[in-house]
Amino acid sequence: QVLASSEDAAVRKGVCRNIAELGREALPYLNEVVSDPEQPWYVVRNLVGIIGEIRAPYSAEVISHLVSHSHPKVREEALVALQKLLGSGIEPVLIHALNDTDLQVVHRAIAMLGALRSRHSGALSFYLKALRPDSQYSDGTRAQVCVALGLLGEVRLTEDITTVNVLAEILARKPGRKLLSIGKKASSSESSAVRVAAARALAKMDTEEAIDILKEYEKDKDDEVANVAKEALQRK
């Protein structure tokens, strides 16, 4: 009741802390409350976070239903809690979340797949689709995918395309440039934010091929891209 009625964030935080200290003793109550569709979304979100911290695997079934909750903040918190409960077993749930209607949920799913270094076919196909030059995904989503590729390292996404190929192509996307492996259009340009994310991903890989590509961008017209390339080369 306090979580639902109090407008004081400090009070709500204190209540959550007290519940969490009860540990597994509180789980029957928590599981019941978060399963109640009449509960306010912010109450459900807070309690889902507590369930995740308690880390009792048998709560995973209850939380799994909340990845389809009507409020995106609950869906996002459910993903975070499920990773604590299931570890890498959350991959199929994250793949499903890539199609969420809320960008923040999608970005959370991409980040979590990246942290898992997932090679799930659903993740790899999404990465390729998101980075196509004719993609309808936002720059924020495309940049997040570049980060995930950097964490994945130098691996094959298809028989003919590697993560390095894709990131190199992102960097090469300037007006009038011919595209290579993953696009249908003859030419395209890429935003600064996405090109910078691609450069950072290549720098994180720190392989000979990635470094060779970055050498081409030491004097890029985009100062941030150039700086990322220079810093990576200085570490060699």
# chains A, B, ... in the order shown; residues from 1 in each chain; ligands from 1

$ residues_around --residues "range 33-36 of chain A" --least-positions-apart "2" --cutoff "10 Å" --atoms "only C-alpha atoms" --output "list in words"
Leu27, Pro28, Tyr29, Leu30, Asn31, Glu38, Gln39, Pro40, Trp41, Val43, Val44, Arg45, Asn46, Leu47, Val48, Ile51, Val62, Ile63, His65, Leu66 and Val74 of chain A

$ select_by_dssp --residues "range 23-236 of chain A" --states "helix (DSSP H, G or I)" --output "PyMOL selection string"
chain A and resi 23-34+41-54+57-68+72-97+103-116+121-130+139-152+163-172+192-205+208-215+223-234

$ residues_around --residues "Gly87 in chain A" --least-positions-apart "6" --cutoff "10 Å" --atoms "only C-alpha atoms" --output "list in words"
Pro57, Ala81 and Leu116 of chain A

$ write_last_selection --atoms "N, CA, C and O atoms" --output "mmCIF file, in the first residue's frame"
data_model
loop_
_atom_site.group_PDB
_atom_site.id
_atom_site.type_symbol
_atom_site.label_atom_id
_atom_site.label_comp_id
_atom_site.auth_asym_id
_atom_site.auth_seq_id
_atom_site.Cartn_x
_atom_site.Cartn_y
_atom_site.Cartn_z
ATOM 1 N N PRO A 57 15.550 -18.812 -8.599
ATOM 2 C CA PRO A 57 15.204 -19.215 -9.970
ATOM 3 C C PRO A 57 13.743 -19.560 -10.184
ATOM 4 O O PRO A 57 13.208 -19.371 -11.270
ATOM 5 N N ALA A 81 15.654 -8.474 -14.339
ATOM 6 C CA ALA A 81 15.455 -9.481 -13.288
ATOM 7 C C ALA A 81 15.672 -10.894 -13.828
ATOM 8 O O ALA A 81 16.301 -11.734 -13.167
ATOM 9 N N LEU A 116 26.291 -10.611 -23.033
ATOM 10 C CA LEU A 116 26.362 -12.080 -23.055
ATOM 11 C C LEU A 116 27.247 -12.598 -24.186
ATOM 12 O O LEU A 116 27.513 -13.794 -24.275
#

$ select_by_dssp --residues "range 67-208 of chain A" --states "strand (DSSP E or B)" --output "mmCIF file with N, CA, C and O atoms, in the first residue's frame"
data_model
loop_
_atom_site.group_PDB
_atom_site.id
_atom_site.type_symbol
_atom_site.label_atom_id
_atom_site.label_comp_id
_atom_site.auth_asym_id
_atom_site.auth_seq_id
_atom_site.Cartn_x
_atom_site.Cartn_y
_atom_site.Cartn_z
ATOM 1 N N ARG A 156 32.010 -14.430 -37.476
ATOM 2 C CA ARG A 156 31.197 -14.447 -38.689
ATOM 3 C C ARG A 156 29.717 -14.290 -38.329
ATOM 4 O O ARG A 156 29.197 -15.003 -37.479
ATOM 5 N N THR A 162 31.623 -10.798 -41.733
ATOM 6 C CA THR A 162 32.105 -10.802 -40.358
ATOM 7 C C THR A 162 31.696 -9.500 -39.669
ATOM 8 O O THR A 162 31.291 -8.537 -40.317
ATOM 9 N N LYS A 178 30.211 3.760 -52.557
ATOM 10 C CA LYS A 178 29.589 2.474 -52.869
ATOM 11 C C LYS A 178 29.581 1.589 -51.623
ATOM 12 O O LYS A 178 30.561 1.580 -50.867
ATOM 13 N N SER A 187 24.359 3.779 -52.612
ATOM 14 C CA SER A 187 25.132 4.689 -51.781
ATOM 15 C C SER A 187 24.300 5.139 -50.592
ATOM 16 O O SER A 187 23.081 5.060 -50.597
#

$ atom_distance --atom1 "CA of Ser125 in chain A" --atom2 "CA of Leu98 in chain A"
11.0 Å

$ residues_around --residues "range 105-109 of chain A" --least-positions-apart "3" --cutoff "10 Å" --atoms "only C-alpha atoms" --output "short mmCIF file (atom, residue, chain, number, x, y, z; two decimals) with all heavy atoms, in the first residue's frame"
data_model
loop_
_atom_site.label_atom_id
_atom_site.label_comp_id
_atom_site.auth_asym_id
_atom_site.auth_seq_id
_atom_site.Cartn_x
_atom_site.Cartn_y
_atom_site.Cartn_z
N VAL A 67 7.29 -9.73 -19.28
CA VAL A 67 7.96 -9.16 -20.46
C VAL A 67 6.93 -8.74 -21.50
O VAL A 67 7.28 -8.10 -22.50
CB VAL A 67 8.98 -10.15 -21.08
CG1 VAL A 67 10.09 -10.46 -20.10
CG2 VAL A 67 8.30 -11.41 -21.56
N PRO A 72 6.18 -0.21 -20.63
CA PRO A 72 7.55 -0.56 -21.04
C PRO A 72 8.56 -0.61 -19.91
O PRO A 72 9.50 -1.40 -19.96
CB PRO A 72 7.91 0.54 -22.05
CG PRO A 72 6.97 1.66 -21.77
CD PRO A 72 5.69 1.00 -21.31
N LYS A 73 8.36 0.20 -18.87
CA LYS A 73 9.33 0.18 -17.77
C LYS A 73 9.25 -1.14 -16.99
O LYS A 73 10.25 -1.61 -16.45
CB LYS A 73 9.11 1.38 -16.84
CG LYS A 73 9.54 2.71 -17.47
CD LYS A 73 9.51 3.83 -16.46
CE LYS A 73 9.94 5.15 -17.10
NZ LYS A 73 11.33 5.11 -17.58
N VAL A 74 8.08 -1.72 -16.94
CA VAL A 74 7.94 -3.04 -16.31
C VAL A 74 8.60 -4.10 -17.19
O VAL A 74 9.32 -4.97 -16.69
CB VAL A 74 6.46 -3.39 -16.08
CG1 VAL A 74 6.33 -4.83 -15.56
CG2 VAL A 74 5.83 -2.42 -15.08
N ARG A 75 8.38 -4.00 -18.50
CA ARG A 75 9.00 -4.98 -19.42
C ARG A 75 10.52 -4.91 -19.32
O ARG A 75 11.20 -5.94 -19.30
CB ARG A 75 8.55 -4.70 -20.86
CG ARG A 75 7.05 -4.82 -21.06
CD ARG A 75 6.67 -4.99 -22.51
NE ARG A 75 7.02 -3.86 -23.36
CZ ARG A 75 6.27 -2.80 -23.58
NH1 ARG A 75 5.09 -2.68 -22.95
NH2 ARG A 75 6.63 -1.85 -24.42
N GLU A 76 11.06 -3.69 -19.25
CA GLU A 76 12.52 -3.55 -19.16
C GLU A 76 13.04 -4.11 -17.85
O GLU A 76 14.06 -4.83 -17.82
CB GLU A 76 12.89 -2.07 -19.29
CG GLU A 76 14.39 -1.83 -19.28
CD GLU A 76 14.75 -0.36 -19.40
OE1 GLU A 76 13.83 0.48 -19.48
OE2 GLU A 76 15.96 -0.07 -19.40
N GLU A 77 12.35 -3.81 -16.74
CA GLU A 77 12.79 -4.32 -15.44
C GLU A 77 12.70 -5.85 -15.39
O GLU A 77 13.52 -6.52 -14.76
CB GLU A 77 11.95 -3.72 -14.32
CG GLU A 77 12.49 -3.95 -12.92
CD GLU A 77 13.82 -3.27 -12.68
OE1 GLU A 77 14.00 -2.12 -13.12
OE2 GLU A 77 14.70 -3.90 -12.04
N LEU A 79 13.26 -7.85 -17.89
CA LEU A 79 14.45 -8.38 -18.56
C LEU A 79 15.65 -8.39 -17.63
O LEU A 79 16.40 -9.38 -17.56
CB LEU A 79 14.78 -7.52 -19.80
CG LEU A 79 13.78 -7.54 -20.96
CD1 LEU A 79 14.28 -6.65 -22.09
CD2 LEU A 79 13.54 -8.95 -21.46
N VAL A 80 15.84 -7.31 -16.89
CA VAL A 80 16.97 -7.22 -15.96
C VAL A 80 16.86 -8.30 -14.88
O VAL A 80 17.84 -8.98 -14.55
CB VAL A 80 17.01 -5.82 -15.30
CG1 VAL A 80 18.11 -5.76 -14.24
CG2 VAL A 80 17.25 -4.74 -16.36
N GLU A 91 18.54 -15.72 -23.23
CA GLU A 91 18.70 -15.36 -24.65
C GLU A 91 17.39 -15.36 -25.45
O GLU A 91 17.10 -14.37 -26.13
CB GLU A 91 19.72 -16.27 -25.32
CG GLU A 91 21.14 -15.79 -25.20
CD GLU A 91 22.10 -16.64 -26.01
OE1 GLU A 91 22.07 -17.87 -25.85
OE2 GLU A 91 22.85 -16.07 -26.81
N VAL A 93 14.37 -14.91 -24.56
CA VAL A 93 13.52 -13.80 -24.12
C VAL A 93 14.03 -12.49 -24.69
O VAL A 93 13.27 -11.63 -25.15
CB VAL A 93 13.48 -13.73 -22.58
CG1 VAL A 93 12.62 -12.55 -22.12
CG2 VAL A 93 12.97 -15.03 -21.99
N LEU A 94 15.35 -12.32 -24.71
CA LEU A 94 15.95 -11.10 -25.25
C LEU A 94 15.73 -10.99 -26.75
O LEU A 94 15.50 -9.89 -27.27
CB LEU A 94 17.45 -11.07 -24.94
CG LEU A 94 17.82 -10.98 -23.45
CD1 LEU A 94 19.34 -11.04 -23.29
CD2 LEU A 94 17.28 -9.70 -22.83
N ILE A 95 15.80 -12.10 -27.45
CA ILE A 95 15.55 -12.09 -28.89
C ILE A 95 14.13 -11.60 -29.16
O ILE A 95 13.88 -10.78 -30.05
CB ILE A 95 15.74 -13.50 -29.49
CG1 ILE A 95 17.18 -13.98 -29.27
CG2 ILE A 95 15.40 -13.48 -30.98
CD1 ILE A 95 18.25 -13.08 -29.81
N HIS A 96 13.19 -12.09 -28.37
CA HIS A 96 11.79 -11.64 -28.51
C HIS A 96 11.68 -10.14 -28.23
O HIS A 96 10.95 -9.42 -28.92
CB HIS A 96 10.90 -12.43 -27.55
CG HIS A 96 9.46 -12.01 -27.57
ND1 HIS A 96 8.60 -12.35 -28.59
CD2 HIS A 96 8.74 -11.24 -26.70
CE1 HIS A 96 7.41 -11.84 -28.35
NE2 HIS A 96 7.47 -11.16 -27.22
N ALA A 97 12.42 -9.66 -27.24
CA ALA A 97 12.35 -8.24 -26.84
C ALA A 97 12.92 -7.31 -27.91
O ALA A 97 12.64 -6.11 -27.89
CB ALA A 97 13.09 -8.04 -25.52
N LEU A 98 13.71 -7.83 -28.83
CA LEU A 98 14.24 -6.99 -29.92
C LEU A 98 13.11 -6.43 -30.80
O LEU A 98 13.32 -5.45 -31.52
CB LEU A 98 15.21 -7.81 -30.79
CG LEU A 98 16.52 -8.23 -30.13
CD1 LEU A 98 17.30 -9.15 -31.06
CD2 LEU A 98 17.36 -7.02 -29.75
N ASN A 99 11.94 -7.04 -30.73
CA ASN A 99 10.79 -6.59 -31.51
C ASN A 99 9.83 -5.74 -30.69
O ASN A 99 8.72 -5.45 -31.15
CB ASN A 99 10.04 -7.79 -32.09
CG ASN A 99 10.90 -8.58 -33.06
OD1 ASN A 99 11.52 -8.02 -33.95
ND2 ASN A 99 10.95 -9.90 -32.88
N ASP A 100 10.24 -5.34 -29.49
CA ASP A 100 9.38 -4.53 -28.63
C ASP A 100 9.05 -3.20 -29.30
O ASP A 100 9.84 -2.67 -30.09
CB ASP A 100 10.06 -4.28 -27.28
CG ASP A 100 9.08 -3.85 -26.21
OD1 ASP A 100 8.74 -2.65 -26.15
OD2 ASP A 100 8.65 -4.71 -25.43
N THR A 101 7.91 -2.63 -28.97
CA THR A 101 7.50 -1.35 -29.55
C THR A 101 8.18 -0.16 -28.88
O THR A 101 8.14 0.95 -29.41
CB THR A 101 5.98 -1.17 -29.43
OG1 THR A 101 5.59 -1.31 -28.06
CG2 THR A 101 5.25 -2.22 -30.26
N ASP A 102 8.82 -0.39 -27.74
CA ASP A 102 9.48 0.69 -27.01
C ASP A 102 10.99 0.63 -27.23
O ASP A 102 11.61 -0.41 -27.00
CB ASP A 102 9.18 0.58 -25.51
CG ASP A 102 9.76 1.74 -24.72
OD1 ASP A 102 9.11 2.80 -24.67
OD2 ASP A 102 10.86 1.58 -24.16
N MET A 112 22.07 -6.24 -23.33
CA MET A 112 22.20 -7.48 -22.59
C MET A 112 22.72 -8.61 -23.46
O MET A 112 23.54 -9.43 -23.04
CB MET A 112 20.85 -7.84 -21.96
CG MET A 112 20.42 -6.86 -20.87
SD MET A 112 18.71 -7.08 -20.32
CE MET A 112 18.86 -8.60 -19.38
N LEU A 113 22.27 -8.65 -24.72
CA LEU A 113 22.80 -9.65 -25.65
C LEU A 113 24.29 -9.40 -25.91
O LEU A 113 25.08 -10.34 -26.01
CB LEU A 113 22.02 -9.61 -26.97
CG LEU A 113 20.62 -10.22 -26.92
CD1 LEU A 113 19.81 -9.81 -28.15
CD2 LEU A 113 20.69 -11.74 -26.81
N GLY A 114 24.65 -8.13 -26.01
CA GLY A 114 26.06 -7.80 -26.19
C GLY A 114 26.90 -8.24 -25.01
O GLY A 114 27.98 -8.82 -25.19
N ALA A 115 26.40 -7.99 -23.80
CA ALA A 115 27.13 -8.38 -22.59
C ALA A 115 27.29 -9.89 -22.51
O ALA A 115 28.30 -10.40 -22.00
CB ALA A 115 26.41 -7.85 -21.35
N ALA A 123 19.84 -12.93 -32.77
CA ALA A 123 20.58 -11.70 -32.48
C ALA A 123 21.39 -11.27 -33.69
O ALA A 123 21.37 -10.10 -34.09
CB ALA A 123 21.49 -11.90 -31.28
N GLY A 140 20.15 5.74 -32.53
CA GLY A 140 20.46 5.21 -31.20
C GLY A 140 20.49 3.69 -31.20
O GLY A 140 21.38 3.08 -30.59
N THR A 141 19.55 3.08 -31.90
CA THR A 141 19.52 1.62 -31.99
C THR A 141 20.71 1.11 -32.77
O THR A 141 21.37 0.13 -32.38
CB THR A 141 18.22 1.16 -32.68
OG1 THR A 141 17.09 1.64 -31.92
CG2 THR A 141 18.16 -0.36 -32.77
N ARG A 142 21.02 1.76 -33.88
CA ARG A 142 22.14 1.33 -34.72
C ARG A 142 23.47 1.46 -33.96
O ARG A 142 24.34 0.59 -34.05
CB ARG A 142 22.15 2.15 -36.00
CG ARG A 142 20.95 1.83 -36.89
CD ARG A 142 20.62 2.98 -37.84
NE ARG A 142 21.64 3.16 -38.85
CZ ARG A 142 21.76 2.41 -39.95
NH1 ARG A 142 20.89 1.43 -40.16
NH2 ARG A 142 22.69 2.65 -40.83
N ALA A 143 23.61 2.52 -33.20
CA ALA A 143 24.83 2.70 -32.40
C ALA A 143 24.93 1.61 -31.34
O ALA A 143 26.02 1.08 -31.07
CB ALA A 143 24.85 4.09 -31.76
N GLN A 144 23.80 1.27 -30.73
CA GLN A 144 23.80 0.22 -29.71
C GLN A 144 24.20 -1.12 -30.31
O GLN A 144 24.90 -1.92 -29.68
CB GLN A 144 22.41 0.12 -29.09
CG GLN A 144 22.33 -0.77 -27.87
CD GLN A 144 22.99 -0.14 -26.65
OE1 GLN A 144 22.63 0.96 -26.25
NE2 GLN A 144 23.95 -0.83 -26.07
N VAL A 145 23.77 -1.38 -31.54
CA VAL A 145 24.16 -2.62 -32.23
C VAL A 145 25.66 -2.64 -32.47
O VAL A 145 26.32 -3.68 -32.30
CB VAL A 145 23.39 -2.77 -33.55
CG1 VAL A 145 23.98 -3.91 -34.39
CG2 VAL A 145 21.92 -3.05 -33.28
#

$ atom_distance --atom1 "CA of Arg195 in chain A" --atom2 "CA of Ile170 in chain A"
6.0 Å

$ closest_residue --among "A:Asn18, A:Ser59, A:Ser68, A:Gln83" --to "Pro37 in chain A" --atoms "only C-alpha atoms"
A:Ser68

$ residues_around --residues "Gly150 in chain A" --least-positions-apart "6" --cutoff "9 Å" --atoms "only C-alpha atoms" --output "NGL selection string"
:A and (114 or 163-164 or 167 or 197-198 or 200-205)

$ write_last_selection --atoms "N, CA, C and O atoms" --output "mmCIF file, in the first residue's frame"
data_model
loop_
_atom_site.group_PDB
_atom_site.id
_atom_site.type_symbol
_atom_site.label_atom_id
_atom_site.label_comp_id
_atom_site.auth_asym_id
_atom_site.auth_seq_id
_atom_site.Cartn_x
_atom_site.Cartn_y
_atom_site.Cartn_z
ATOM 1 N N GLY A 114 24.649 -8.132 -26.008
ATOM 2 C CA GLY A 114 26.059 -7.799 -26.193
ATOM 3 C C GLY A 114 26.901 -8.244 -25.012
ATOM 4 O O GLY A 114 27.980 -8.821 -25.187
ATOM 5 N N THR A 163 31.842 -9.485 -38.360
ATOM 6 C CA THR A 163 31.563 -8.261 -37.612
ATOM 7 C C THR A 163 32.468 -7.125 -38.080
ATOM 8 O O THR A 163 32.030 -5.965 -38.170
ATOM 9 N N VAL A 164 33.707 -7.438 -38.392
ATOM 10 C CA VAL A 164 34.640 -6.407 -38.862
ATOM 11 C C VAL A 164 34.178 -5.831 -40.201
ATOM 12 O O VAL A 164 34.232 -4.611 -40.420
ATOM 13 N N LEU A 167 31.281 -3.352 -39.507
ATOM 14 C CA LEU A 167 31.717 -2.103 -38.871
ATOM 15 C C LEU A 167 32.540 -1.254 -39.828
ATOM 16 O O LEU A 167 32.431 -0.014 -39.833
ATOM 17 N N ALA A 197 30.377 5.021 -32.966
ATOM 18 C CA ALA A 197 30.154 3.743 -32.279
ATOM 19 C C ALA A 197 30.848 2.608 -33.008
ATOM 20 O O ALA A 197 31.423 1.703 -32.381
ATOM 21 N N ALA A 198 30.840 2.642 -34.342
ATOM 22 C CA ALA A 198 31.520 1.609 -35.128
ATOM 23 C C ALA A 198 33.023 1.671 -34.918
ATOM 24 O O ALA A 198 33.695 0.631 -34.781
ATOM 25 N N ARG A 200 34.597 2.828 -32.279
ATOM 26 C CA ARG A 200 34.893 2.349 -30.925
ATOM 27 C C ARG A 200 34.798 0.826 -30.838
ATOM 28 O O ARG A 200 35.564 0.185 -30.121
ATOM 29 N N ALA A 201 33.846 0.253 -31.564
ATOM 30 C CA ALA A 201 33.706 -1.206 -31.567
ATOM 31 C C ALA A 201 34.935 -1.867 -32.183
ATOM 32 O O ALA A 201 35.446 -2.871 -31.669
ATOM 33 N N LEU A 202 35.431 -1.313 -33.277
ATOM 34 C CA LEU A 202 36.640 -1.845 -33.902
ATOM 35 C C LEU A 202 37.839 -1.694 -32.966
ATOM 36 O O LEU A 202 38.677 -2.591 -32.855
ATOM 37 N N ALA A 203 37.904 -0.555 -32.292
ATOM 38 C CA ALA A 203 39.012 -0.327 -31.355
ATOM 39 C C ALA A 203 38.965 -1.337 -30.210
ATOM 40 O O ALA A 203 40.009 -1.796 -29.732
ATOM 41 N N LYS A 204 37.765 -1.691 -29.777
ATOM 42 C CA LYS A 204 37.620 -2.656 -28.687
ATOM 43 C C LYS A 204 38.081 -4.043 -29.113
ATOM 44 O O LYS A 204 38.644 -4.795 -28.314
ATOM 45 N N MET A 205 37.867 -4.380 -30.389
ATOM 46 C CA MET A 205 38.293 -5.695 -30.880
ATOM 47 C C MET A 205 39.813 -5.836 -30.841
ATOM 48 O O MET A 205 40.342 -6.900 -30.535
#

$ residues_around --residues "Leu233 in chain A" --least-positions-apart "4" --cutoff "8 Å" --atoms "only C-alpha atoms" --output "list of chain:residue names"
A:Ile211, A:Leu214, A:Lys215, A:Ala229

$ atom_distance --atom1 "CA of Val225 in chain A" --atom2 "CA of Ser121 in chain A"
29.9 Å

$ closest_residue --among "A:Leu124, A:Leu103, A:Ala78, A:Leu131" --to "Thr158 in chain A" --atoms "only C-alpha atoms"
A:Leu124

$ residues_around --residues "Gly23 in chain A" --least-positions-apart "6" --cutoff "10 Å" --atoms "only C-alpha atoms" --output "CSV table (one decimal) with N, CA and C atoms, in the first residue's frame"
chain,number,residue,atom,x,y,z
A,50,ILE,N,13.1,-6.2,-6.9
A,50,ILE,CA,13.4,-6.9,-5.7
A,50,ILE,C,13.5,-8.4,-5.9
A,51,ILE,N,12.6,-8.9,-6.7
A,51,ILE,CA,12.6,-10.4,-7.0
A,51,ILE,C,13.9,-10.8,-7.7
A,53,GLU,N,16.8,-9.3,-7.3
A,53,GLU,CA,17.9,-9.2,-6.4
A,53,GLU,C,17.9,-10.4,-5.4
A,54,ILE,N,16.7,-11.0,-5.1
A,54,ILE,CA,16.6,-12.2,-4.3
A,54,ILE,C,17.2,-13.4,-5.0
A,55,ARG,N,17.1,-13.4,-6.3
A,55,ARG,CA,17.7,-14.4,-7.2
A,55,ARG,C,17.2,-15.9,-6.9
A,56,ALA,N,16.0,-16.0,-6.8
A,56,ALA,CA,15.4,-17.4,-6.6
A,56,ALA,C,14.9,-17.8,-8.0

$ decode --residues "range 71-100 of chain A" --atoms "N, CA and C atoms" --output "mmCIF file, in the first residue's frame"
data_model
loop_
_atom_site.group_PDB
_atom_site.id
_atom_site.type_symbol
_atom_site.label_atom_id
_atom_site.label_comp_id
_atom_site.auth_asym_id
_atom_site.auth_seq_id
_atom_site.Cartn_x
_atom_site.Cartn_y
_atom_site.Cartn_z
ATOM 1 N N HIS A 71 3.171 -1.807 -19.678
ATOM 2 C CA HIS A 71 4.060 -0.644 -19.486
ATOM 3 C C HIS A 71 5.513 -1.017 -19.810
ATOM 4 N N PRO A 72 6.179 -0.215 -20.634
ATOM 5 C CA PRO A 72 7.553 -0.562 -21.043
ATOM 6 C C PRO A 72 8.558 -0.609 -19.906
ATOM 7 N N LYS A 73 8.364 0.205 -18.873
ATOM 8 C CA LYS A 73 9.332 0.179 -17.768
ATOM 9 C C LYS A 73 9.249 -1.138 -16.994
ATOM 10 N N VAL A 74 8.077 -1.722 -16.939
ATOM 11 C CA VAL A 74 7.942 -3.040 -16.310
ATOM 12 C C VAL A 74 8.602 -4.095 -17.193
ATOM 13 N N ARG A 75 8.383 -4.004 -18.497
ATOM 14 C CA ARG A 75 8.998 -4.977 -19.416
ATOM 15 C C ARG A 75 10.521 -4.906 -19.324
ATOM 16 N N GLU A 76 11.059 -3.692 -19.254
ATOM 17 C CA GLU A 76 12.516 -3.546 -19.161
ATOM 18 C C GLU A 76 13.045 -4.114 -17.849
ATOM 19 N N GLU A 77 12.353 -3.814 -16.742
ATOM 20 C CA GLU A 77 12.794 -4.325 -15.438
ATOM 21 C C GLU A 77 12.696 -5.850 -15.391
ATOM 22 N N ALA A 78 11.709 -6.400 -16.094
ATOM 23 C CA ALA A 78 11.557 -7.849 -16.146
ATOM 24 C C ALA A 78 12.755 -8.492 -16.836
ATOM 25 N N LEU A 79 13.262 -7.849 -17.887
ATOM 26 C CA LEU A 79 14.452 -8.377 -18.562
ATOM 27 C C LEU A 79 15.654 -8.395 -17.625
ATOM 28 N N VAL A 80 15.836 -7.312 -16.887
ATOM 29 C CA VAL A 80 16.967 -7.218 -15.955
ATOM 30 C C VAL A 80 16.862 -8.303 -14.880
ATOM 31 N N ALA A 81 15.654 -8.474 -14.339
ATOM 32 C CA ALA A 81 15.455 -9.481 -13.288
ATOM 33 C C ALA A 81 15.672 -10.894 -13.828
ATOM 34 N N LEU A 82 15.169 -11.145 -15.026
ATOM 35 C CA LEU A 82 15.312 -12.490 -15.600
ATOM 36 C C LEU A 82 16.764 -12.852 -15.860
ATOM 37 N N GLN A 83 17.569 -11.873 -16.224
ATOM 38 C CA GLN A 83 18.986 -12.192 -16.436
ATOM 39 C C GLN A 83 19.638 -12.637 -15.126
ATOM 40 N N LYS A 84 19.228 -12.009 -14.026
ATOM 41 C CA LYS A 84 19.770 -12.407 -12.722
ATOM 42 C C LYS A 84 19.295 -13.805 -12.331
ATOM 43 N N LEU A 85 18.098 -14.152 -12.783
ATOM 44 C CA LEU A 85 17.524 -15.448 -12.418
ATOM 45 C C LEU A 85 17.958 -16.582 -13.351
ATOM 46 N N LEU A 86 18.148 -16.244 -14.631
ATOM 47 C CA LEU A 86 18.398 -17.286 -15.640
ATOM 48 C C LEU A 86 19.806 -17.270 -16.229
ATOM 49 N N GLY A 87 20.545 -16.177 -16.047
ATOM 50 C CA GLY A 87 21.859 -16.071 -16.673
ATOM 51 C C GLY A 87 21.737 -16.091 -18.185
ATOM 52 N N SER A 88 22.581 -16.849 -18.859
ATOM 53 C CA SER A 88 22.558 -16.908 -20.326
ATOM 54 C C SER A 88 21.287 -17.553 -20.862
ATOM 55 N N GLY A 89 20.542 -18.218 -19.992
ATOM 56 C CA GLY A 89 19.285 -18.832 -20.413
ATOM 57 C C GLY A 89 18.230 -17.821 -20.818
ATOM 58 N N ILE A 90 18.520 -16.543 -20.628
ATOM 59 C CA ILE A 90 17.563 -15.498 -20.988
ATOM 60 C C ILE A 90 17.589 -15.171 -22.484
ATOM 61 N N GLU A 91 18.540 -15.718 -23.226
ATOM 62 C CA GLU A 91 18.697 -15.358 -24.646
ATOM 63 C C GLU A 91 17.394 -15.356 -25.445
ATOM 64 N N PRO A 92 16.584 -16.424 -25.403
ATOM 65 C CA PRO A 92 15.346 -16.411 -26.206
ATOM 66 C C PRO A 92 14.406 -15.264 -25.838
ATOM 67 N N VAL A 93 14.367 -14.910 -24.565
ATOM 68 C CA VAL A 93 13.521 -13.798 -24.120
ATOM 69 C C VAL A 93 14.033 -12.487 -24.695
ATOM 70 N N LEU A 94 15.355 -12.319 -24.706
ATOM 71 C CA LEU A 94 15.954 -11.104 -25.246
ATOM 72 C C LEU A 94 15.729 -10.993 -26.750
ATOM 73 N N ILE A 95 15.801 -12.099 -27.446
ATOM 74 C CA ILE A 95 15.547 -12.091 -28.891
ATOM 75 C C ILE A 95 14.128 -11.602 -29.157
ATOM 76 N N HIS A 96 13.186 -12.089 -28.373
ATOM 77 C CA HIS A 96 11.794 -11.644 -28.508
ATOM 78 C C HIS A 96 11.680 -10.145 -28.232
ATOM 79 N N ALA A 97 12.422 -9.655 -27.240
ATOM 80 C CA ALA A 97 12.353 -8.242 -26.842
ATOM 81 C C ALA A 97 12.919 -7.309 -27.909
ATOM 82 N N LEU A 98 13.705 -7.829 -28.835
ATOM 83 C CA LEU A 98 14.240 -6.995 -29.921
ATOM 84 C C LEU A 98 13.115 -6.432 -30.797
ATOM 85 N N ASN A 99 11.944 -7.043 -30.727
ATOM 86 C CA ASN A 99 10.795 -6.590 -31.512
ATOM 87 C C ASN A 99 9.828 -5.741 -30.691
ATOM 88 N N ASP A 100 10.242 -5.337 -29.490
ATOM 89 C CA ASP A 100 9.380 -4.532 -28.630
ATOM 90 C C ASP A 100 9.052 -3.197 -29.304
#
